[in-house]
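Down below is the structure, laid out as structure tokens.
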Amino acid sequence: MPLEGPARIVSELTSRGYNAEREAVTRIAATENPATTLEAVLEDLPDDALVVRSEHVDSLLERAPVSDGARTTDPIGSPTDDGSDSGESPIDDGSGSSESSAGDGPDPTEPSTRDTSPSTGDERPTSRPTAAGGPVETRGVQEGSGRSADPLERSLEIAGDMTGESTGTGEYGDFVSVFRDRLERLGSKLRGRVNHRPATAIQSMPGGSEAGMVGLVNDVRSTASGHWLIELEDATGTFPWLVMKDREYADLVDELLYDEVVAMEGTLADDSGIAFVDSMYFPDVPRTHEPTTADRHVQAALISDVHVGSQEFMSEAWNRFADWLHTPEAQHVEYLLIAGDMVEGVGVYPNQDEELDVVDIYEQYEAFNERLKQVPGDIEIVMIPGNHDAVRLAEPQPGFDEELRGIMSAHDARIVSNPSTVTLEGVSVLMYHGVSLDEVIAELPEEKASYDDPHRAMYQLLKKRHVAPQFGGHTRLAPEEKDYLIMEEVPDIFHTGHVHKLGFGKYHNVLAINSGCWQSQTDFQKSVNIQPDAGFAPIVDLDTLDVTVQKFS
Ligand code: D5M
Ligand code: FE
Ligand code: ZN
């Protein structure tokens, strides 16, 4: 069968265990006889090569320009048949531009905090050896080519990756440290807003005084008369704050999660044993936050929850996605972020084994690696683990161990902890798998957080400046010396998955995206009537933070 288009070339290469740069595929497709060229290129490839790069193709074509049909039809680049082949072009579902939300918090006075600190993690300008500067560069930018820009223009930095940094032992002292760190760092975002005093000092102030406190939410109870009693804790002790049911702040009480950091201000009762709340503040994102954007038109695909190894993994949709990435329409997609649940895992939920297609966890990662090979070799991939992955369940989750990294090595993906922040050409993306979203959705009223609008639940986490505040609930947290789950800096984009629903919007100019999944409805989801959004890829323009959704299912 003739190999007429890039998608066919990619699948042929994948079936033989090779990953390919888009430009290499484009160049092979542009020759008179792509099938012969492909064979010749593979024959010519160094033994240890896993990726077919454009210079491999160039070097062959230069040495054997006329032999057995391996010759470019038009070296100066008239548009060639490349990418219009699949007949399965994805539909843009029109839910394109990003909606805006005014948000709903009190107006924070914190100045905008741009990420100016040097990144803590590894930094490498992404300069894979590709055709940049090569002898065929002018041909490389022909219309329809996969190459949209010089890879030297790329930059990718990682911050907050705690892989290899875990010191927690799960003992009492770790809880003390992590809460102290949380109160210190999130508290510092609130201390300028209230005239705060330590809990013990408030107890000895005269009745009727005005008091303020910054603390962790230790308890929330309703009183017999329908008011709310909120106990805040700081390093010195606790103090009870009463929110009257008819006060404007009563509405915020149902947003509170245990262990989050808030500030309250109010008037002490006559005996100074309690304070009546007049105002309440969250660390929040300043309304004036101005996101950074890239200096050129470049895009990132944000996905999650691939669930390879599940019987419900949507193989065909993934193939269409991967094929699409090789087309000219996707030429500006230079980054792919995957926010956890690469594989289905084993023993994650009761009876899960009944729905497994691949029962061995290592084989699941091998199968996932094959899926990565389908992705163009010149796309930078960053991935974090999720609750189905083979790393510790408690958050923060370190990136995969060496053995799993070895298995997933075909694509040279960056593997970092959950959560981590990746900065792409100046645009910071906080990647977090999203297990706490189940909790936010369960605890908060429907209009503030629901599975249908997962981005609204994300707004709550942004407001709390913490990806998973609550200890002891759904989300398992590992206490560490430092709280890795705090949003110290405001991200430009917040990317989560886990709930298998697609939703995005802006909160105080931060783009929140929950990226759907690649797994059709499971028996569990059927039993609780969850309709997953499967087979979508939200694509973000890094120069404008606009979102378009590509549908592959
Ligand atoms: O989670 C996918 C979504 O479905 C997430 O909202 C949790 C929920 N889920 C899925 N299976 C279960 C079971 N068995 N119990 C409770 N909640 C569940 P994922 O992490 O992909 O499984
Ligand atoms: Fe998942
Ligand atoms: Zn998950």
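Ordering of the structure tokens sets the chain letters (A, B, ...); residue numbers start at 1 within each chain; ligands are numbered from 1 in the order shown.
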
Pick out the residues no farther than 12 Å from ligand 2, counting only C-alpha atoms and all ligand atoms, and list them as a PyMOL selection string. chain A and resi 303-308+310+312-313+338-345+348-349+385-389+433-435+437-438+496-501+514-522+525+532-534

Pull the alpha helix (DSSP H) assignments for segment 298-441 of chain A out of DSSP run on the backbone, and list those residues as an NGL selection string. :A and (315-325 or 361-373 or 402-407 or 435-441)

Between atom CA of Val51 of chain A and atom CA of Glu23 of chain A, what is the distance in Å, rounded to a tenth?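 Atom CA of Glu23 of chain A lies 11.8 Å from atom CA of Val51 of chain A.
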
Report as a ChimeraX atom specification all protein, DNA and RNA residues lying within 10 Å of Asp492 of chain A, evaluated on only C-alpha atoms, omitting residues in the same chain fewer than 2 positions from it. /A:114-115,289-293,423,426-430,489-490,494-495,506,509-512,542,545

Counting only C-alpha atoms, what is within 9 Å of Lys373 of chain A, bar same-chain residues fewer than 2 positions away, as an MDAnalysis selection string? chainID A and resid 14 17:20 51 368:371 375:377 410:411

Write a file of the just-selected residues containing all heavy atoms, as an mmCIF file, in the first residue's frame.
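Full text of part03.cif as output:
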data_model
loop_
_atom_site.group_PDB
_atom_site.id
_atom_site.type_symbol
_atom_site.label_atom_id
_atom_site.label_comp_id
_atom_site.auth_asym_id
_atom_site.auth_seq_id
_atom_site.Cartn_x
_atom_site.Cartn_y
_atom_site.Cartn_z
ATOM 1 N N THR A 14 5.976 4.254 13.790
ATOM 2 C CA THR A 14 5.618 3.831 15.142
ATOM 3 C C THR A 14 5.574 2.318 15.233
ATOM 4 O O THR A 14 6.066 1.718 16.194
ATOM 5 C CB THR A 14 4.243 4.409 15.526
ATOM 6 O OG1 THR A 14 4.288 5.804 15.314
ATOM 7 C CG2 THR A 14 3.920 4.136 16.983
ATOM 8 N N GLY A 17 8.720 0.991 15.877
ATOM 9 C CA GLY A 17 9.376 1.395 17.116
ATOM 10 C C GLY A 17 10.091 2.736 17.047
ATOM 11 O O GLY A 17 10.884 3.069 17.924
ATOM 12 N N TYR A 18 9.800 3.533 16.030
ATOM 13 C CA TYR A 18 10.465 4.828 15.928
ATOM 14 C C TYR A 18 9.496 5.964 16.193
ATOM 15 O O TYR A 18 8.324 5.896 15.848
ATOM 16 C CB TYR A 18 11.069 5.025 14.533
ATOM 17 C CG TYR A 18 12.218 4.107 14.259
ATOM 18 C CD1 TYR A 18 12.035 2.957 13.503
ATOM 19 C CD2 TYR A 18 13.483 4.387 14.778
ATOM 20 C CE1 TYR A 18 13.094 2.096 13.264
ATOM 21 C CE2 TYR A 18 14.534 3.524 14.550
ATOM 22 C CZ TYR A 18 14.339 2.383 13.786
ATOM 23 O OH TYR A 18 15.380 1.549 13.561
ATOM 24 N N ASN A 19 10.059 6.994 16.768
ATOM 25 C CA ASN A 19 9.363 8.246 16.961
ATOM 26 C C ASN A 19 9.928 9.179 15.874
ATOM 27 O O ASN A 19 11.034 8.950 15.408
ATOM 28 C CB ASN A 19 9.731 8.702 18.376
ATOM 29 C CG ASN A 19 9.064 9.979 18.772
ATOM 30 O OD1 ASN A 19 9.698 10.842 19.349
ATOM 31 N ND2 ASN A 19 7.810 10.116 18.458
ATOM 32 N N ALA A 20 9.175 10.185 15.445
ATOM 33 C CA ALA A 20 9.698 11.019 14.361
ATOM 34 C C ALA A 20 9.403 12.485 14.564
ATOM 35 O O ALA A 20 8.339 12.847 15.060
ATOM 36 C CB ALA A 20 9.096 10.574 13.031
ATOM 37 N N VAL A 51 14.662 8.279 17.394
ATOM 38 C CA VAL A 51 13.855 9.310 16.766
ATOM 39 C C VAL A 51 14.383 9.567 15.357
ATOM 40 O O VAL A 51 15.588 9.749 15.173
ATOM 41 C CB VAL A 51 13.919 10.627 17.584
ATOM 42 C CG1 VAL A 51 13.088 11.718 16.921
ATOM 43 C CG2 VAL A 51 13.467 10.392 19.014
ATOM 44 N N PHE A 368 1.869 2.848 27.094
ATOM 45 C CA PHE A 368 1.798 4.321 27.084
ATOM 46 C C PHE A 368 2.972 4.905 26.294
ATOM 47 O O PHE A 368 2.814 5.866 25.533
ATOM 48 C CB PHE A 368 1.787 4.846 28.519
ATOM 49 C CG PHE A 368 1.844 6.346 28.607
ATOM 50 C CD1 PHE A 368 0.777 7.122 28.185
ATOM 51 C CD2 PHE A 368 2.987 6.989 29.084
ATOM 52 C CE1 PHE A 368 0.823 8.508 28.240
ATOM 53 C CE2 PHE A 368 3.044 8.374 29.145
ATOM 54 C CZ PHE A 368 1.960 9.133 28.724
ATOM 55 N N ASN A 369 4.130 4.285 26.473
ATOM 56 C CA ASN A 369 5.308 4.755 25.741
ATOM 57 C C ASN A 369 5.085 4.673 24.224
ATOM 58 O O ASN A 369 5.501 5.560 23.476
ATOM 59 C CB ASN A 369 6.524 3.919 26.142
ATOM 60 C CG ASN A 369 7.819 4.518 25.651
ATOM 61 O OD1 ASN A 369 8.021 5.729 25.757
ATOM 62 N ND2 ASN A 369 8.695 3.687 25.095
ATOM 63 N N GLU A 370 4.404 3.627 23.783
ATOM 64 C CA GLU A 370 4.076 3.521 22.354
ATOM 65 C C GLU A 370 3.194 4.694 21.930
ATOM 66 O O GLU A 370 3.322 5.224 20.827
ATOM 67 C CB GLU A 370 3.354 2.200 22.050
ATOM 68 C CG GLU A 370 4.218 0.963 22.265
ATOM 69 C CD GLU A 370 5.517 1.013 21.472
ATOM 70 O OE1 GLU A 370 5.457 1.275 20.255
ATOM 71 O OE2 GLU A 370 6.599 0.833 22.071
ATOM 72 N N ARG A 371 2.293 5.096 22.817
ATOM 73 C CA ARG A 371 1.406 6.230 22.515
ATOM 74 C C ARG A 371 2.198 7.530 22.418
ATOM 75 O O ARG A 371 1.886 8.404 21.620
ATOM 76 C CB ARG A 371 0.309 6.348 23.579
ATOM 77 C CG ARG A 371 -0.586 5.139 23.624
ATOM 78 C CD ARG A 371 -1.172 4.927 22.275
ATOM 79 N NE ARG A 371 -1.926 3.710 22.139
ATOM 80 C CZ ARG A 371 -2.738 3.487 21.106
ATOM 81 N NH1 ARG A 371 -2.865 4.385 20.153
ATOM 82 N NH2 ARG A 371 -3.397 2.355 21.035
ATOM 83 N N VAL A 375 3.515 10.838 19.057
ATOM 84 C CA VAL A 375 3.560 12.297 19.131
ATOM 85 C C VAL A 375 4.819 12.768 18.397
ATOM 86 O O VAL A 375 5.882 12.167 18.552
ATOM 87 C CB VAL A 375 3.589 12.747 20.615
ATOM 88 C CG1 VAL A 375 3.784 14.245 20.723
ATOM 89 C CG2 VAL A 375 2.326 12.301 21.321
ATOM 90 N N PRO A 376 4.706 13.822 17.583
ATOM 91 C CA PRO A 376 5.891 14.288 16.856
ATOM 92 C C PRO A 376 7.095 14.451 17.784
ATOM 93 O O PRO A 376 6.971 14.967 18.892
ATOM 94 C CB PRO A 376 5.455 15.643 16.298
ATOM 95 C CG PRO A 376 3.973 15.544 16.193
ATOM 96 C CD PRO A 376 3.521 14.630 17.293
ATOM 97 N N GLY A 377 8.238 14.004 17.302
ATOM 98 C CA GLY A 377 9.443 14.010 18.129
ATOM 99 C C GLY A 377 9.922 15.388 18.503
ATOM 100 O O GLY A 377 10.700 15.553 19.445
ATOM 101 N N ALA A 410 11.022 6.936 25.276
ATOM 102 C CA ALA A 410 11.079 7.110 23.817
ATOM 103 C C ALA A 410 11.056 8.571 23.410
ATOM 104 O O ALA A 410 11.638 8.945 22.405
ATOM 105 C CB ALA A 410 9.925 6.392 23.158
ATOM 106 N N HIS A 411 10.377 9.357 24.187
ATOM 107 C CA HIS A 411 10.162 10.722 23.742
ATOM 108 C C HIS A 411 10.949 11.771 24.512
ATOM 109 O O HIS A 411 10.768 12.957 24.320
ATOM 110 C CB HIS A 411 8.665 11.036 23.810
ATOM 111 C CG HIS A 411 8.233 12.041 22.800
ATOM 112 N ND1 HIS A 411 8.668 13.336 22.831
ATOM 113 C CD2 HIS A 411 7.439 11.941 21.736
ATOM 114 C CE1 HIS A 411 8.125 13.995 21.831
ATOM 115 N NE2 HIS A 411 7.383 13.169 21.144
#

Residues near His297 of chain A, anyone? I mean within 12 Å using only C-alpha atoms, not counting same-chain ones fewer than 6 positions away, as number ranges by chain. A: 148-149, 153-154, 330-334, 425, 540-546

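Each of A:Ser450, A:Asn418, A:Ser15, A:Gln203 was checked against ligand 3 using only C-alpha atoms and all ligand atoms; the smallest atom-to-atom distance is that of A:Asn418.
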
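Across the model, the gap from atom CA of Ala263 of chain A to atom CA of Pro198 of chain A is 11.7 Å.
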
Can you list, as a PyMOL selection string, every residue of segment 303-496 of chain A that DSSP puts in strand (DSSP E)? chain A and resi 303+333-339+380-384+414-415+420-424+427-431+493-496

Store the residues picked out above, limited to N, CA, C and O atoms, as a short mmCIF file (atom, residue, chain, number, x, y, z; two decimals), in the first residue's frame.
data_model
loop_
_atom_site.label_atom_id
_atom_site.label_comp_id
_atom_site.auth_asym_id
_atom_site.auth_seq_id
_atom_site.Cartn_x
_atom_site.Cartn_y
_atom_site.Cartn_z
N ILE A 303 -3.40 18.14 28.12
CA ILE A 303 -4.26 16.96 28.26
C ILE A 303 -3.98 16.27 29.59
O ILE A 303 -3.06 16.66 30.32
N VAL A 333 1.81 23.86 17.57
CA VAL A 333 1.78 23.14 18.85
C VAL A 333 3.18 22.60 19.11
O VAL A 333 3.61 21.64 18.49
N GLU A 334 3.88 23.23 20.01
CA GLU A 334 5.27 22.84 20.26
C GLU A 334 5.45 22.25 21.65
O GLU A 334 6.54 21.79 22.00
N TYR A 335 4.38 22.29 22.45
CA TYR A 335 4.47 21.73 23.80
C TYR A 335 3.24 20.87 24.06
O TYR A 335 2.14 21.20 23.63
N LEU A 336 3.46 19.79 24.79
CA LEU A 336 2.35 18.92 25.21
C LEU A 336 2.50 18.67 26.70
O LEU A 336 3.52 18.15 27.16
N LEU A 337 1.48 19.10 27.46
CA LEU A 337 1.51 18.92 28.91
C LEU A 337 0.51 17.84 29.29
O LEU A 337 -0.65 17.88 28.86
N ILE A 338 0.94 16.89 30.10
CA ILE A 338 0.05 15.78 30.49
C ILE A 338 -0.05 15.76 32.01
O ILE A 338 0.94 15.48 32.71
N ALA A 339 -1.25 16.04 32.51
CA ALA A 339 -1.43 16.26 33.96
C ALA A 339 -1.88 15.01 34.71
O ALA A 339 -2.79 15.05 35.53
N GLU A 380 7.83 19.25 22.73
CA GLU A 380 8.34 19.08 24.10
C GLU A 380 7.22 18.57 24.98
O GLU A 380 6.14 19.15 25.01
N ILE A 381 7.46 17.50 25.71
CA ILE A 381 6.42 16.94 26.57
C ILE A 381 6.82 17.10 28.03
O ILE A 381 7.97 16.88 28.40
N VAL A 382 5.85 17.53 28.84
CA VAL A 382 6.07 17.57 30.29
C VAL A 382 4.95 16.77 30.93
O VAL A 382 3.79 16.94 30.56
N MET A 383 5.29 15.89 31.86
CA MET A 383 4.21 15.16 32.51
C MET A 383 4.41 14.98 34.01
O MET A 383 5.52 14.92 34.49
N ILE A 384 3.28 14.94 34.70
CA ILE A 384 3.26 14.71 36.14
C ILE A 384 2.41 13.46 36.40
O ILE A 384 1.58 13.11 35.58
N ARG A 414 9.85 15.43 29.86
CA ARG A 414 10.24 15.90 31.19
C ARG A 414 9.25 15.31 32.17
O ARG A 414 8.04 15.53 32.03
N ILE A 415 9.74 14.62 33.16
CA ILE A 415 8.87 14.00 34.15
C ILE A 415 9.11 14.68 35.48
O ILE A 415 10.23 14.66 36.00
N SER A 420 3.76 20.65 39.88
CA SER A 420 4.97 21.35 39.45
C SER A 420 4.55 22.54 38.59
O SER A 420 3.45 22.54 38.05
N THR A 421 5.46 23.49 38.47
CA THR A 421 5.18 24.62 37.59
C THR A 421 6.15 24.57 36.43
O THR A 421 7.36 24.50 36.63
N VAL A 422 5.62 24.59 35.22
CA VAL A 422 6.46 24.61 34.03
C VAL A 422 6.24 25.97 33.36
O VAL A 422 5.11 26.40 33.19
N THR A 423 7.33 26.64 33.06
CA THR A 423 7.22 27.95 32.41
C THR A 423 7.65 27.82 30.96
O THR A 423 8.80 27.47 30.67
N LEU A 424 6.70 28.05 30.06
CA LEU A 424 6.93 27.90 28.63
C LEU A 424 7.03 29.29 28.02
O LEU A 424 6.05 30.03 27.99
N VAL A 427 5.42 31.88 30.05
CA VAL A 427 4.07 31.62 30.54
C VAL A 427 4.12 30.49 31.57
O VAL A 427 4.48 29.35 31.24
N SER A 428 3.79 30.80 32.81
CA SER A 428 3.91 29.76 33.84
C SER A 428 2.62 28.93 33.91
O SER A 428 1.51 29.47 33.90
N VAL A 429 2.80 27.63 33.92
CA VAL A 429 1.65 26.72 33.97
C VAL A 429 1.80 25.86 35.23
O VAL A 429 2.75 25.08 35.35
N LEU A 430 0.87 26.03 36.15
CA LEU A 430 0.87 25.16 37.33
C LEU A 430 0.13 23.89 36.96
O LEU A 430 -1.06 23.92 36.62
N MET A 431 0.86 22.77 36.98
CA MET A 431 0.24 21.48 36.64
C MET A 431 -0.03 20.73 37.94
O MET A 431 0.87 20.55 38.76
N ILE A 493 -1.35 30.05 33.93
CA ILE A 493 -2.31 29.00 33.58
C ILE A 493 -2.29 27.97 34.71
O ILE A 493 -1.23 27.63 35.23
N PHE A 494 -3.47 27.51 35.07
CA PHE A 494 -3.59 26.44 36.06
C PHE A 494 -4.20 25.25 35.32
O PHE A 494 -5.30 25.35 34.77
N HIS A 495 -3.47 24.15 35.26
CA HIS A 495 -3.89 22.98 34.47
C HIS A 495 -4.11 21.79 35.39
O HIS A 495 -3.19 21.37 36.09
N THR A 496 -5.34 21.26 35.39
CA THR A 496 -5.62 20.05 36.16
C THR A 496 -6.38 19.05 35.29
O THR A 496 -6.78 19.36 34.16
#

Tell me, as a list in words, which residues lie within 8 Å of Arg197 of chain A, counting only C-alpha atoms; anything in the same chain fewer than 6 positions away does not count. Ala211, Gly212, Met213 and Val214 of chain A

Once you have the residues from the selection above, write them out as an mmCIF file, in the first residue's frame, restricted to N, CA, C and O atoms.
data_model
loop_
_atom_site.group_PDB
_atom_site.id
_atom_site.type_symbol
_atom_site.label_atom_id
_atom_site.label_comp_id
_atom_site.auth_asym_id
_atom_site.auth_seq_id
_atom_site.Cartn_x
_atom_site.Cartn_y
_atom_site.Cartn_z
ATOM 1 N N ALA A 211 -10.417 43.376 66.557
ATOM 2 C CA ALA A 211 -9.303 42.426 66.504
ATOM 3 C C ALA A 211 -9.193 41.819 65.121
ATOM 4 O O ALA A 211 -10.165 41.781 64.364
ATOM 5 N N GLY A 212 -7.999 41.351 64.801
ATOM 6 C CA GLY A 212 -7.789 40.659 63.523
ATOM 7 C C GLY A 212 -6.887 39.466 63.753
ATOM 8 O O GLY A 212 -6.080 39.455 64.680
ATOM 9 N N MET A 213 -7.037 38.445 62.921
ATOM 10 C CA MET A 213 -6.220 37.239 63.083
ATOM 11 C C MET A 213 -6.023 36.560 61.731
ATOM 12 O O MET A 213 -6.903 36.576 60.874
ATOM 13 N N VAL A 214 -4.853 35.980 61.560
ATOM 14 C CA VAL A 214 -4.574 35.159 60.377
ATOM 15 C C VAL A 214 -4.359 33.742 60.890
ATOM 16 O O VAL A 214 -3.547 33.536 61.793
#

Straight-line distance linking atom CA of Tyr258 of chain A with atom CA of Phe471 of chain A, stated in Å to one decimal: 7.3 Å

Which residue, A:Pro469, A:Arg53, A:Phe239, A:Asn218, has the smallest gap to Ala201 of chain A when you use only C-alpha atoms?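 The answer is A:Phe239, which sits nearest to Ala201 of chain A.
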
Name the closest residue to ligand 1 among the candidates A:Gln374, A:Ser417, A:Gln352, A:Thr200; distances are taken between atoms, counting only C-alpha atoms and all ligand atoms.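 Comparing A:Gln374, A:Ser417, A:Gln352, A:Thr200 against ligand 1, the winner is A:Gln352.
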
Go through A:Ser315, A:Gln460, A:Ser436, A:Ser59 one by one, measure the shortest atom-to-atom distance of each to ligand 1 using only C-alpha atoms and all ligand atoms, and give the residue with the smallest value. A:Ser436

Looking at only C-alpha atoms and all ligand atoms, which of A:Glu439, A:Glu363, A:Glu233, A:Asp483 is the one that sits closest to ligand 1?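 Looking at the shortest contact to ligand 1, the residue is A:Glu439.
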